[in-house]
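Peer 1: What follows is target_33.cif; its format and atoms are mmCIF, C-alpha atoms and all ligand atoms.
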```
data_my_file
#
loop_
_atom_site.label_atom_id
_atom_site.label_comp_id
_atom_site.auth_asym_id
_atom_site.auth_seq_id
_atom_site.Cartn_x
_atom_site.Cartn_y
_atom_site.Cartn_z
CA MET A 1 258.23 64.39 18.30
CA THR A 2 254.93 65.29 19.95
CA THR A 3 254.04 63.46 23.18
CA LYS A 4 251.38 60.83 22.59
CA ILE A 5 248.23 60.90 24.68
CA PRO A 6 246.14 57.78 25.29
CA PHE A 7 243.30 57.63 22.76
CA ASP A 8 240.24 58.94 24.51
CA VAL A 9 237.54 59.41 21.90
CA GLN A 10 235.48 61.87 23.97
CA ARG A 11 238.53 64.04 24.48
CA VAL A 12 239.33 63.78 20.79
CA ARG A 13 235.78 64.80 19.89
CA ALA A 14 236.20 67.97 21.91
CA ASP A 15 238.93 68.96 19.43
CA PHE A 16 236.33 69.16 16.63
CA PRO A 17 233.96 72.11 17.14
CA ILE A 18 231.60 71.03 14.36
CA LEU A 19 230.75 67.83 16.22
CA GLN A 20 228.90 69.96 18.77
CA ARG A 21 226.28 71.06 16.28
CA THR A 22 222.88 69.60 15.64
CA VAL A 23 221.20 68.71 12.36
CA HIS A 24 217.39 68.73 12.20
CA GLY A 25 217.44 69.12 15.96
CA LYS A 26 219.53 65.95 16.50
CA PRO A 27 223.21 65.67 17.43
CA LEU A 28 225.31 65.44 14.29
CA VAL A 29 226.53 61.92 13.55
CA TYR A 30 229.16 62.53 10.92
CA LEU A 31 229.80 59.33 8.98
CA ASP A 32 231.23 60.90 5.82
CA THR A 33 234.89 61.24 6.70
CA ALA A 34 235.97 59.36 3.57
CA ALA A 35 234.52 62.22 1.49
CA SER A 36 236.07 64.92 3.66
CA ALA A 37 237.20 64.76 7.26
CA GLN A 38 236.25 67.37 9.85
CA ARG A 39 238.98 69.73 11.06
CA PRO A 40 240.33 69.86 14.58
CA LEU A 41 240.81 73.20 16.33
CA ALA A 42 244.56 72.85 15.84
CA VAL A 43 244.07 73.09 12.05
CA ILE A 44 241.39 75.78 12.20
CA GLU A 45 243.53 77.89 14.51
CA ALA A 46 246.72 77.41 12.50
CA THR A 47 245.07 78.74 9.34
CA ASP A 48 243.25 81.47 11.23
CA ARG A 49 246.51 82.57 12.90
CA PHE A 50 248.27 82.54 9.55
CA TYR A 51 245.75 84.98 8.06
CA ARG A 52 245.62 87.17 11.16
CA GLU A 53 249.34 87.41 11.85
CA HIS A 54 251.58 86.21 9.02
CA ASN A 55 249.74 86.47 5.70
CA ALA A 56 251.96 87.39 2.73
CA ASN A 57 253.17 85.75 -0.46
CA VAL A 58 255.93 83.18 -0.05
CA HIS A 59 259.48 82.68 -1.32
CA ARG A 60 260.33 85.95 -3.04
CA GLY A 61 259.85 88.52 -0.31
CA VAL A 62 262.57 90.00 1.85
CA HIS A 63 260.13 91.58 4.27
CA THR A 64 259.34 89.96 7.59
CA LEU A 65 255.81 88.76 6.82
CA SER A 66 256.91 87.08 3.62
CA GLN A 67 259.68 85.29 5.44
CA GLU A 68 257.32 84.19 8.20
CA ALA A 69 254.79 82.96 5.64
CA THR A 70 257.53 81.06 3.81
CA ASP A 71 258.76 79.45 7.03
CA LEU A 72 255.26 78.36 7.99
CA TYR A 73 254.41 77.02 4.53
CA GLU A 74 257.71 75.21 4.13
CA GLY A 75 257.35 73.98 7.70
CA GLY A 76 254.13 72.24 6.63
CA ARG A 77 255.95 70.54 3.77
CA ARG A 78 258.80 69.49 6.08
CA ARG A 79 256.40 68.05 8.61
CA LEU A 80 254.59 66.05 5.93
CA ALA A 81 257.87 64.86 4.40
CA ALA A 82 259.04 63.54 7.78
CA HIS A 83 255.64 61.97 8.46
CA ILE A 84 255.70 59.84 5.31
CA ASN A 85 259.45 59.17 5.63
CA ALA A 86 260.44 61.02 2.47
CA ALA A 87 264.21 61.27 2.09
CA SER A 88 263.91 65.06 1.97
CA GLU A 89 261.31 67.79 1.57
CA ARG A 90 262.44 68.17 -2.05
CA GLU A 91 260.55 64.93 -2.69
CA VAL A 92 257.24 66.44 -1.63
CA ILE A 93 255.41 68.47 -4.28
CA LEU A 94 252.47 70.35 -2.84
CA THR A 95 249.46 70.11 -5.12
CA ARG A 96 245.72 70.72 -4.85
CA GLY A 97 245.25 67.10 -3.80
CA THR A 98 245.32 63.52 -4.97
CA THR A 99 243.59 64.27 -8.26
CA GLU A 100 246.11 66.91 -9.25
CA SER A 101 249.00 64.69 -8.15
CA VAL A 102 247.85 61.86 -10.43
CA ASN A 103 247.41 64.29 -13.33
CA LEU A 104 250.90 65.65 -12.72
CA VAL A 105 252.42 62.17 -12.97
CA ALA A 106 250.33 61.37 -16.05
CA GLN A 107 251.35 64.45 -17.96
CA SER A 108 254.90 65.05 -16.77
CA PHE A 109 256.29 61.58 -16.01
CA LEU A 110 254.39 59.24 -18.28
CA ARG A 111 253.28 61.17 -21.34
CA PRO A 112 256.80 61.72 -22.75
CA LYS A 113 257.54 57.99 -22.41
CA LEU A 114 254.44 56.53 -24.01
CA HIS A 115 254.10 54.93 -27.45
CA PRO A 116 251.01 53.52 -29.14
CA GLY A 117 250.32 50.05 -27.78
CA ASP A 118 252.01 50.67 -24.42
CA GLU A 119 249.88 49.74 -21.44
CA ILE A 120 248.82 51.48 -18.25
CA LEU A 121 247.48 49.11 -15.62
CA VAL A 122 245.00 50.12 -12.93
CA THR A 123 242.73 48.07 -10.68
CA HIS A 124 238.97 47.70 -10.90
CA MET A 125 238.53 49.48 -7.56
CA GLU A 126 240.17 52.80 -8.44
CA HIS A 127 238.61 56.18 -7.75
CA HIS A 128 237.89 58.10 -10.97
CA SER A 129 240.98 60.21 -10.12
CA ASN A 130 243.14 57.19 -10.80
CA ILE A 131 241.30 56.18 -13.98
CA VAL A 132 240.37 59.25 -15.97
CA PRO A 133 243.82 60.93 -16.15
CA TRP A 134 245.18 57.66 -17.60
CA GLN A 135 242.28 57.37 -20.02
CA MET A 136 242.96 60.91 -21.24
CA LEU A 137 246.62 60.01 -21.63
CA CYS A 138 245.72 56.91 -23.64
CA GLU A 139 243.68 59.08 -25.99
CA GLN A 140 246.62 61.46 -26.33
CA THR A 141 249.22 58.78 -27.01
CA GLY A 142 247.56 55.59 -28.32
CA ALA A 143 248.43 53.71 -25.12
CA VAL A 144 245.94 51.19 -23.76
CA LEU A 145 244.32 51.12 -20.32
CA LYS A 146 244.21 47.66 -18.72
CA VAL A 147 242.27 46.75 -15.60
CA ALA A 148 243.32 44.23 -12.96
CA PRO A 149 240.26 42.40 -11.61
CA ILE A 150 238.74 42.24 -8.14
CA ASN A 151 236.69 39.47 -6.53
CA GLN A 152 233.22 39.44 -4.98
CA ARG A 153 234.63 40.48 -1.60
CA GLY A 154 236.14 43.53 -3.25
CA GLU A 155 239.73 42.33 -3.00
CA LEU A 156 242.36 42.66 -5.64
CA GLU A 157 243.05 39.40 -7.52
CA LEU A 158 246.80 39.42 -7.09
CA ASP A 159 247.50 36.41 -9.32
CA ALA A 160 245.55 37.98 -12.17
CA LEU A 161 247.34 41.29 -11.65
CA GLU A 162 250.69 39.52 -11.72
CA ALA A 163 249.75 37.79 -14.97
CA MET A 164 249.03 41.17 -16.55
CA LEU A 165 252.50 42.54 -15.81
CA SER A 166 254.84 42.70 -18.80
CA GLU A 167 257.38 44.95 -20.50
CA ARG A 168 254.46 46.68 -22.22
CA VAL A 169 253.15 48.09 -18.92
CA GLN A 170 254.57 51.56 -18.38
CA LEU A 171 252.84 52.35 -15.09
CA LEU A 172 250.69 50.61 -12.52
CA GLY A 173 248.18 52.69 -10.55
CA VAL A 174 246.72 51.23 -7.36
CA VAL A 175 244.61 52.61 -4.56
CA HIS A 176 246.01 51.99 -1.06
CA ILE A 177 242.60 51.96 0.64
CA SER A 178 239.42 51.93 -1.45
CA ASN A 179 237.01 54.74 -0.63
CA ALA A 180 234.05 52.73 -1.93
CA LEU A 181 234.82 49.31 -0.43
CA GLY A 182 237.22 49.97 2.42
CA THR A 183 239.61 47.34 1.07
CA ILE A 184 243.22 47.76 2.17
CA ASN A 185 245.37 46.68 -0.73
CA PRO A 186 248.69 44.86 -0.27
CA VAL A 187 250.54 47.75 -1.82
CA ALA A 188 254.06 46.66 -0.82
CA GLU A 189 253.42 43.28 -2.42
CA VAL A 190 252.07 44.92 -5.59
CA CYS A 191 255.20 47.09 -5.78
CA ARG A 192 257.39 44.01 -5.33
CA LEU A 193 255.66 42.29 -8.26
CA ALA A 194 255.88 45.37 -10.47
CA ARG A 195 259.59 45.80 -9.79
CA ARG A 196 260.32 42.51 -11.59
CA PHE A 197 259.40 44.33 -14.79
CA ASP A 198 260.68 47.73 -13.68
CA ILE A 199 257.13 49.07 -13.76
CA PRO A 200 256.71 52.32 -11.82
CA VAL A 201 253.88 52.18 -9.29
CA LEU A 202 251.66 55.10 -8.37
CA VAL A 203 249.72 54.70 -5.13
CA ASP A 204 246.55 56.66 -4.47
CA GLY A 205 246.89 57.24 -0.74
CA ALA A 206 243.93 59.59 -0.26
CA GLN A 207 242.17 57.25 2.21
CA ALA A 208 245.23 55.64 3.72
CA MET A 209 246.85 58.80 5.07
CA PRO A 210 244.19 59.48 7.74
CA HIS A 211 243.89 55.86 8.77
CA THR A 212 247.32 54.32 8.97
CA HIS A 213 251.02 55.04 9.10
CA VAL A 214 252.39 55.53 5.60
CA ASP A 215 256.11 55.06 4.97
CA VAL A 216 256.71 55.69 1.29
CA GLN A 217 260.16 54.13 1.34
CA ALA A 218 258.98 50.96 3.04
CA LEU A 219 256.11 50.61 0.56
CA GLY A 220 258.55 50.62 -2.34
CA CYS A 221 256.31 52.66 -4.62
CA ASP A 222 257.44 55.35 -7.05
CA PHE A 223 254.66 57.89 -6.55
CA TYR A 224 252.38 58.47 -3.56
CA CYS A 225 249.41 60.85 -3.85
CA LEU A 226 247.47 62.35 -0.96
CA SER A 227 244.86 64.99 -0.08
CA GLY A 228 244.91 67.33 2.93
CA HIS A 229 241.15 67.34 3.48
CA LYS A 230 240.98 63.56 3.87
CA MET A 231 243.53 63.74 6.70
CA TYR A 232 241.84 66.44 8.81
CA GLY A 233 243.61 69.28 6.99
CA PRO A 234 242.30 71.96 4.61
CA THR A 235 240.82 71.44 1.16
CA GLY A 236 242.73 72.55 -1.93
CA ILE A 237 246.06 71.21 -0.65
CA GLY A 238 247.67 67.80 -1.01
CA ALA A 239 250.88 66.30 -2.19
CA LEU A 240 252.75 64.10 -4.57
CA TRP A 241 255.72 62.20 -3.23
CA ALA A 242 258.38 60.79 -5.58
CA ARG A 243 262.11 60.15 -5.31
CA GLU A 244 264.31 63.13 -6.07
CA ALA A 245 266.00 61.37 -9.00
CA THR A 246 262.61 60.67 -10.60
CA LEU A 247 261.41 64.23 -10.12
CA GLU A 248 264.68 65.62 -11.49
CA GLU A 249 264.11 63.72 -14.72
CA MET A 250 260.54 64.89 -15.14
CA PRO A 251 259.84 68.07 -17.11
CA PRO A 252 257.79 70.84 -15.45
CA TRP A 253 254.10 70.37 -15.76
CA GLN A 254 252.68 73.87 -15.57
CA GLY A 255 254.55 77.05 -16.45
CA GLY A 256 254.49 80.37 -14.61
CA GLY A 257 255.95 82.06 -11.59
CA GLU A 258 257.77 80.10 -8.85
CA MET A 259 258.78 77.23 -11.12
CA ILE A 260 261.43 79.16 -13.05
CA GLU A 261 265.05 80.01 -12.40
CA ARG A 262 265.50 82.52 -15.21
CA VAL A 263 263.19 83.75 -17.98
CA THR A 264 264.05 85.40 -21.28
CA PHE A 265 261.90 85.50 -24.39
CA GLU A 266 264.28 83.03 -25.98
CA LYS A 267 264.42 80.46 -23.21
CA SER A 268 263.50 79.80 -19.61
CA THR A 269 265.25 77.55 -17.12
CA TRP A 270 263.64 75.73 -14.23
CA ASN A 271 263.79 76.19 -10.50
CA ARG A 272 265.08 73.48 -8.18
CA LEU A 273 262.80 70.89 -6.59
CA PRO A 274 260.15 71.10 -5.37
CA ALA A 275 259.42 74.55 -6.86
CA LYS A 276 259.85 73.20 -10.42
CA PHE A 277 256.39 71.62 -10.09
CA GLU A 278 254.69 74.42 -8.20
CA ALA A 279 253.82 77.14 -10.71
CA GLY A 280 251.99 80.18 -9.38
CA THR A 281 251.19 81.34 -5.87
CA PRO A 282 250.48 78.22 -3.85
CA ASN A 283 247.76 77.54 -1.29
CA ILE A 284 249.86 78.98 1.51
CA ALA A 285 247.34 78.76 4.34
CA GLY A 286 246.52 75.27 3.10
CA GLY A 287 250.15 74.21 3.47
CA VAL A 288 250.23 75.66 6.97
CA GLY A 289 247.01 73.83 7.86
CA LEU A 290 248.30 70.58 6.38
CA GLY A 291 251.35 70.80 8.61
CA ALA A 292 249.05 71.33 11.61
CA ALA A 293 246.97 68.31 10.58
CA VAL A 294 250.06 66.12 10.42
CA GLU A 295 251.11 67.35 13.85
CA TYR A 296 247.64 66.58 15.17
CA LEU A 297 247.66 63.03 13.77
CA GLU A 298 251.13 62.42 15.18
CA GLY A 299 250.01 63.74 18.55
CA LEU A 300 247.25 61.11 18.70
CA GLY A 301 249.47 58.44 17.18
CA THR A 302 248.60 56.67 13.94
CA ASP A 303 248.61 53.25 15.64
CA ALA A 304 246.07 54.43 18.19
CA ILE A 305 243.90 56.00 15.47
CA GLU A 306 243.99 52.81 13.42
CA ALA A 307 243.11 50.64 16.42
CA HIS A 308 240.19 52.89 17.35
CA GLU A 309 238.78 53.03 13.82
CA ASN A 310 239.13 49.26 13.48
CA ALA A 311 237.18 48.74 16.69
CA VAL A 312 234.37 51.00 15.43
CA LEU A 313 234.41 49.24 12.05
CA THR A 314 234.15 45.79 13.62
CA TYR A 315 231.25 46.89 15.82
CA ALA A 316 229.47 48.61 12.92
CA THR A 317 229.95 45.69 10.55
CA GLU A 318 228.35 43.32 13.05
CA LYS A 319 225.43 45.65 13.76
CA LEU A 320 224.72 46.56 10.15
CA ALA A 321 225.00 42.97 8.93
CA ALA A 322 222.21 42.07 11.39
CA ILE A 323 219.72 44.48 9.76
CA GLU A 324 217.21 42.61 7.63
CA GLY A 325 217.75 43.23 3.91
CA LEU A 326 221.04 45.07 4.37
CA ARG A 327 223.77 44.04 1.95
CA ILE A 328 227.33 45.10 2.62
CA ILE A 329 229.28 45.77 -0.58
CA GLY A 330 232.94 45.16 0.13
CA THR A 331 233.78 42.41 2.61
CA ALA A 332 237.54 42.18 2.17
CA ALA A 333 239.56 40.42 4.85
CA LYS A 334 241.55 43.61 5.35
CA LYS A 335 239.37 46.69 5.58
CA ALA A 336 239.53 50.24 6.87
CA GLY A 337 236.64 52.28 8.26
CA VAL A 338 234.24 52.22 5.32
CA ILE A 339 230.97 50.32 4.97
CA SER A 340 229.13 50.57 1.67
CA PHE A 341 225.69 49.03 1.66
CA THR A 342 222.26 48.78 0.15
CA LEU A 343 219.06 48.28 2.13
CA GLY A 344 216.38 46.23 0.40
CA GLU A 345 214.92 48.09 -2.53
CA ILE A 346 215.32 51.51 -0.93
CA HIS A 347 217.27 53.84 -3.18
CA PRO A 348 220.45 54.95 -1.41
CA HIS A 349 219.58 58.61 -2.05
CA ASP A 350 216.25 58.17 -0.24
CA LEU A 351 218.07 56.40 2.55
CA GLY A 352 220.60 59.22 2.86
CA THR A 353 217.88 61.86 2.90
CA ILE A 354 215.85 60.08 5.57
CA VAL A 355 218.73 59.31 7.94
CA ASP A 356 219.84 62.94 7.63
CA HIS A 357 216.67 63.75 9.56
CA TYR A 358 218.09 61.69 12.42
CA GLY A 359 221.27 63.78 12.25
CA VAL A 360 223.22 61.07 10.41
CA ALA A 361 225.46 62.21 7.55
CA LEU A 362 225.97 59.32 5.10
CA ARG A 363 227.31 59.55 1.57
CA THR A 364 225.16 58.06 -1.17
CA GLY A 365 225.88 57.56 -4.84
CA HIS A 366 228.72 56.01 -6.82
CA HIS A 367 231.51 57.52 -4.69
CA CYS A 368 233.47 58.41 -7.84
CA THR A 369 233.95 54.70 -8.45
CA MET A 370 231.39 53.89 -11.15
CA PRO A 371 233.27 50.75 -12.28
CA VAL A 372 232.95 49.37 -8.72
CA MET A 373 229.18 49.95 -8.86
CA GLN A 374 229.07 48.22 -12.25
CA PHE A 375 231.03 45.25 -10.87
CA PHE A 376 228.60 44.78 -7.98
CA ASN A 377 225.66 45.52 -10.25
CA VAL A 378 224.24 48.34 -8.16
CA PRO A 379 223.52 51.89 -9.34
CA ALA A 380 224.71 53.36 -6.07
CA THR A 381 225.34 52.52 -2.44
CA ALA A 382 224.98 54.26 0.89
CA ARG A 383 228.31 54.59 2.63
CA ALA A 384 229.17 55.07 6.28
CA SER A 385 232.78 56.00 6.80
CA PHE A 386 234.41 56.29 10.19
CA GLY A 387 237.04 58.72 11.32
CA LEU A 388 239.05 59.01 14.49
CA TYR A 389 236.20 60.85 16.26
CA ASN A 390 233.41 58.34 15.67
CA THR A 391 231.99 56.24 18.47
CA VAL A 392 230.07 53.00 18.81
CA GLU A 393 227.17 55.04 20.20
CA GLU A 394 227.03 56.86 16.87
CA VAL A 395 226.88 53.49 15.13
CA ASP A 396 223.84 52.70 17.30
CA VAL A 397 222.19 55.94 16.12
CA LEU A 398 222.87 54.92 12.51
CA VAL A 399 221.45 51.43 13.07
CA ASP A 400 218.34 52.85 14.71
CA ALA A 401 217.84 55.33 11.83
CA LEU A 402 218.23 52.52 9.29
CA GLU A 403 215.77 50.27 11.14
CA ARG A 404 213.24 53.09 11.23
CA THR A 405 213.73 53.74 7.52
CA ARG A 406 213.27 50.07 6.72
CA ALA A 407 210.08 49.95 8.78
CA MET A 408 208.80 53.07 7.02
CA PHE A 409 209.26 51.45 3.59
CA GLN A 410 207.65 48.21 4.78
CA ALA A 411 204.56 49.93 6.09
N1 LIG B 1 241.27 58.70 -4.38
C1 LIG B 1 240.47 58.27 -3.41
C2 LIG B 1 240.58 56.85 -2.92
C3 LIG B 1 239.53 59.13 -2.85
O1 LIG B 1 238.72 58.71 -1.88
C4 LIG B 1 239.44 60.45 -3.35
C5 LIG B 1 238.40 61.37 -2.85
O2 LIG B 1 237.30 60.97 -2.60
C6 LIG B 1 240.33 60.85 -4.35
C7 LIG B 1 241.22 59.94 -4.84
C8 LIG B 1 240.32 62.24 -4.88
O3 LIG B 1 240.77 63.10 -3.92
P1 LIG B 1 240.72 64.70 -4.16
O4 LIG B 1 239.31 65.00 -4.56
O5 LIG B 1 241.08 65.26 -2.84
O6 LIG B 1 241.71 65.01 -5.23
#
```
Once you've parsed the file, please lay out its structure as structure tokens.
Ligand code: PLP
Peer 2:
Amino acid sequence: MTTKIPFDVQRVRADFPILQRTVHGKPLVYLDTAASAQRPLAVIEATDRFYREHNANVHRGVHTLSQEATDLYEGGRRRLAAHINAASEREVILTRGTTESVNLVAQSFLRPKLHPGDEILVTHMEHHSNIVPWQMLCEQTGAVLKVAPINQRGELELDALEAMLSERVQLLGVVHISNALGTINPVAEVCRLARRFDIPVLVDGAQAMPHTHVDVQALGCDFYCLSGHKMYGPTGIGALWAREATLEEMPPWQGGGEMIERVTFEKSTWNRLPAKFEAGTPNIAGGVGLGAAVEYLEGLGTDAIEAHENAVLTYATEKLAAIEGLRIIGTAAKKAGVISFTLGEIHPHDLGTIVDHYGVALRTGHHCTMPVMQFFNVPATARASFGLYNTVEEVDVLVDALERTRAMFQA
């Protein structure tokens, strides 16, 4: 276990070289962590060191570099498995990210089980990654996609969700923390409800992993999907967690090298877990970097990170709400560091472009959650998302940039 240091945001910021840069001559104020987090030196150096000193293909080599590369890559998996409290590293399939993990479950776990008229239940606040793979599956099998409603605060309507559970539902997909609204969903409670009907639950944990401590066993879900780049690690790497027994029952998803035990032209047999689901040369440096990201998060302490981000969120919510004409979309009682908003009649894209000139990086658009935009009857929002390196002073810069933009449009 790494020793925990007290959370000192200025010291933490020094770990992120990119935060030193300027944009349009102003200090960068990076408020787009929900889209992709910045990387600490520990991650940058781990991947750099891998390429400089250990680079080789993994698993099959007897030579030293290949063994070192394998140890480092598998070390990343082990670190992640321990971090999320997986029973073993065989339960952690390394994928390209959350999107690929959901697709894997759709095609390998659910597709063979589905019959016309079966139901797949998702919530109205899902990212497209947790909608479209199920829609494609419905088209392939004749199953039906059902949607559990949300309320005007952007919270899941638990009673309505419960009423939609039945023997027909073959899987329930729910986002842990909404990237568009910031809502933290009561995932353990959702899993408890679903268990009454033996409905497997897939949790999209893309936004939860960087913000809070995730214990997959305590949550009681069946599948947990995550992305490295949302949790201060590299892009192109992520994971799917599922229990070993579940993964053993699932057929391979993609065929190729790594995932086989033996190949003849007549028949092939499959490798053990987790390799059975990892066809082809993996993102080796990505796995190494992901391990370094987990180590970094553990070094700071997830409780300390959560407390810091919550403090910034509370401050920012108060300050933004006081801006004339600003409407916050997503006011759930339990929220993580995301504020989606509109400002008067100003199009979010214009807003994003103007505040960029003050050095402020906001995300604008539908945030891959078009149904959320439809629910709140807006074409798009601007979104400020806060990571472990953001400060209240940066919130002040954002507020000032927004006030100036508002004044500009009023003039
Ligand atoms: N789910 C949520 C809640 C997200 O925020 C994102 C990314 O924005 C995804 C899924 C997709 O993640 P990735 O693009 O890393 O597969």
Peer 1: Report as a PyMOL selection string all protein, DNA and RNA residues lying within 8 Å of A:Arg96, evaluated on all atoms listed in the file, omitting residues in the same chain fewer than 6 positions from it.
Peer 2: chain A and resi 227+235-239+283
Peer 1: Could you give me, as an mmCIF file with C-alpha atoms, in the coordinates of the input, the residues within 8 Å of A:Leu219, counting all atoms listed in the file and dropping anything in the same chain fewer than 3 positions from it?
Peer 2:
```cif
data_model
loop_
_atom_site.group_PDB
_atom_site.id
_atom_site.type_symbol
_atom_site.label_atom_id
_atom_site.label_comp_id
_atom_site.auth_asym_id
_atom_site.auth_seq_id
_atom_site.Cartn_x
_atom_site.Cartn_y
_atom_site.Cartn_z
ATOM 1 C CA VAL A 187 250.540 47.750 -1.820
ATOM 2 C CA ALA A 188 254.060 46.660 -0.820
ATOM 3 C CA CYS A 191 255.200 47.090 -5.780
ATOM 4 C CA VAL A 214 252.390 55.530 5.600
ATOM 5 C CA ASP A 215 256.110 55.060 4.970
ATOM 6 C CA VAL A 216 256.710 55.690 1.290
#
```
Peer 1: Using all atoms listed in the file, determine which residues lie at most 7 Å from A:Lys335, disregarding the query and same-chain residues fewer than 4 positions distant; provide the list as a ChimeraX atom specification.
Peer 2: /A:182-184
Peer 1: Taking only C-alpha atoms and all ligand atoms and a cut-off of 10 Å, can you tell me which residues surround ligand LIG 1 (chain B), written as a ChimeraX atom specification?
Peer 2: /A:33-36,95-103,125-131,174-182,203-208,225-231,235-239,367-369
Peer 1: Interatomic distance between atom CA of A:Phe277 and atom CA of A:Pro251?
Peer 2: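 Between atom CA of A:Phe277 and atom CA of A:Pro251 the gap works out to 8.6 Å.
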Peer 1: Could you produce a table of the residues of stretch 201-289 of chain A lying within 10 Å of stretch 109-122 of chain A, with the nearest pair of atoms per residue and their separation in Å rounded to one decimal, using only C-alpha atoms, ordered by chain and increasing residue number, as a Markdown table?
Peer 2:
```
| residue | atom | partner | partner_atom | distance |
| --- | --- | --- | --- | --- |
| A:Val201 | CA | A:Leu121 | CA | 9.5 |
| A:Leu202 | CA | A:Val122 | CA | 9.5 |
| A:Thr246 | CA | A:Phe109 | CA | 8.4 |
| A:Leu247 | CA | A:Phe109 | CA | 8.2 |
| A:Glu249 | CA | A:Phe109 | CA | 8.2 |
| A:Met250 | CA | A:Phe109 | CA | 5.5 |
| A:Pro251 | CA | A:Phe109 | CA | 7.5 |
| A:Pro252 | CA | A:Phe109 | CA | 9.4 |
| A:Trp253 | CA | A:Phe109 | CA | 9.1 |
```
Peer 1: Could you please determine the separation between atom CA of A:Gly352 and atom CA of A:Ala382 in Å, to one decimal place?
Peer 2: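 Answer for the atom CA of A:Gly352 to atom CA of A:Ala382 separation: 6.9 Å.
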Peer 1: Enter the distance from atom CA of A:Ala333 to atom CA of A:Met209, in Å, rounded to one decimal.
Peer 2: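 Those two atoms sit 19.8 Å apart.
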Peer 1: Find the residues near A:Ile323: any atom within 9 Å, counting all atoms listed in the file, skip ones fewer than 6 places away on the same chain, and give them as a list in words.
Peer 2: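 So the residues in contact are Leu343, Val399, Leu402 and Glu403 of chain A.
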Peer 1: Hey, what's within 9 Å of A:Leu80 if we count all atoms listed in the file and toss same-chain stuff fewer than 5 positions away? As a list of chain:residue names, please?
Peer 2: A:Gly75, A:Asn85, A:Ala86, A:Glu89, A:Val92, A:Ala239, A:Leu290, A:Gly291, A:Val294, A:Glu295
Peer 1: Could those selected residues go to a file with C-alpha atoms, as an mmCIF file, keeping the file's coordinate frame?
Peer 2:
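Printed below is result-v6.cif as written:
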```cif
data_model
loop_
_atom_site.group_PDB
_atom_site.id
_atom_site.type_symbol
_atom_site.label_atom_id
_atom_site.label_comp_id
_atom_site.auth_asym_id
_atom_site.auth_seq_id
_atom_site.Cartn_x
_atom_site.Cartn_y
_atom_site.Cartn_z
ATOM 1 C CA GLY A 75 257.350 73.980 7.700
ATOM 2 C CA ASN A 85 259.450 59.170 5.630
ATOM 3 C CA ALA A 86 260.440 61.020 2.470
ATOM 4 C CA GLU A 89 261.310 67.790 1.570
ATOM 5 C CA VAL A 92 257.240 66.440 -1.630
ATOM 6 C CA ALA A 239 250.880 66.300 -2.190
ATOM 7 C CA LEU A 290 248.300 70.580 6.380
ATOM 8 C CA GLY A 291 251.350 70.800 8.610
ATOM 9 C CA VAL A 294 250.060 66.120 10.420
ATOM 10 C CA GLU A 295 251.110 67.350 13.850
#
```
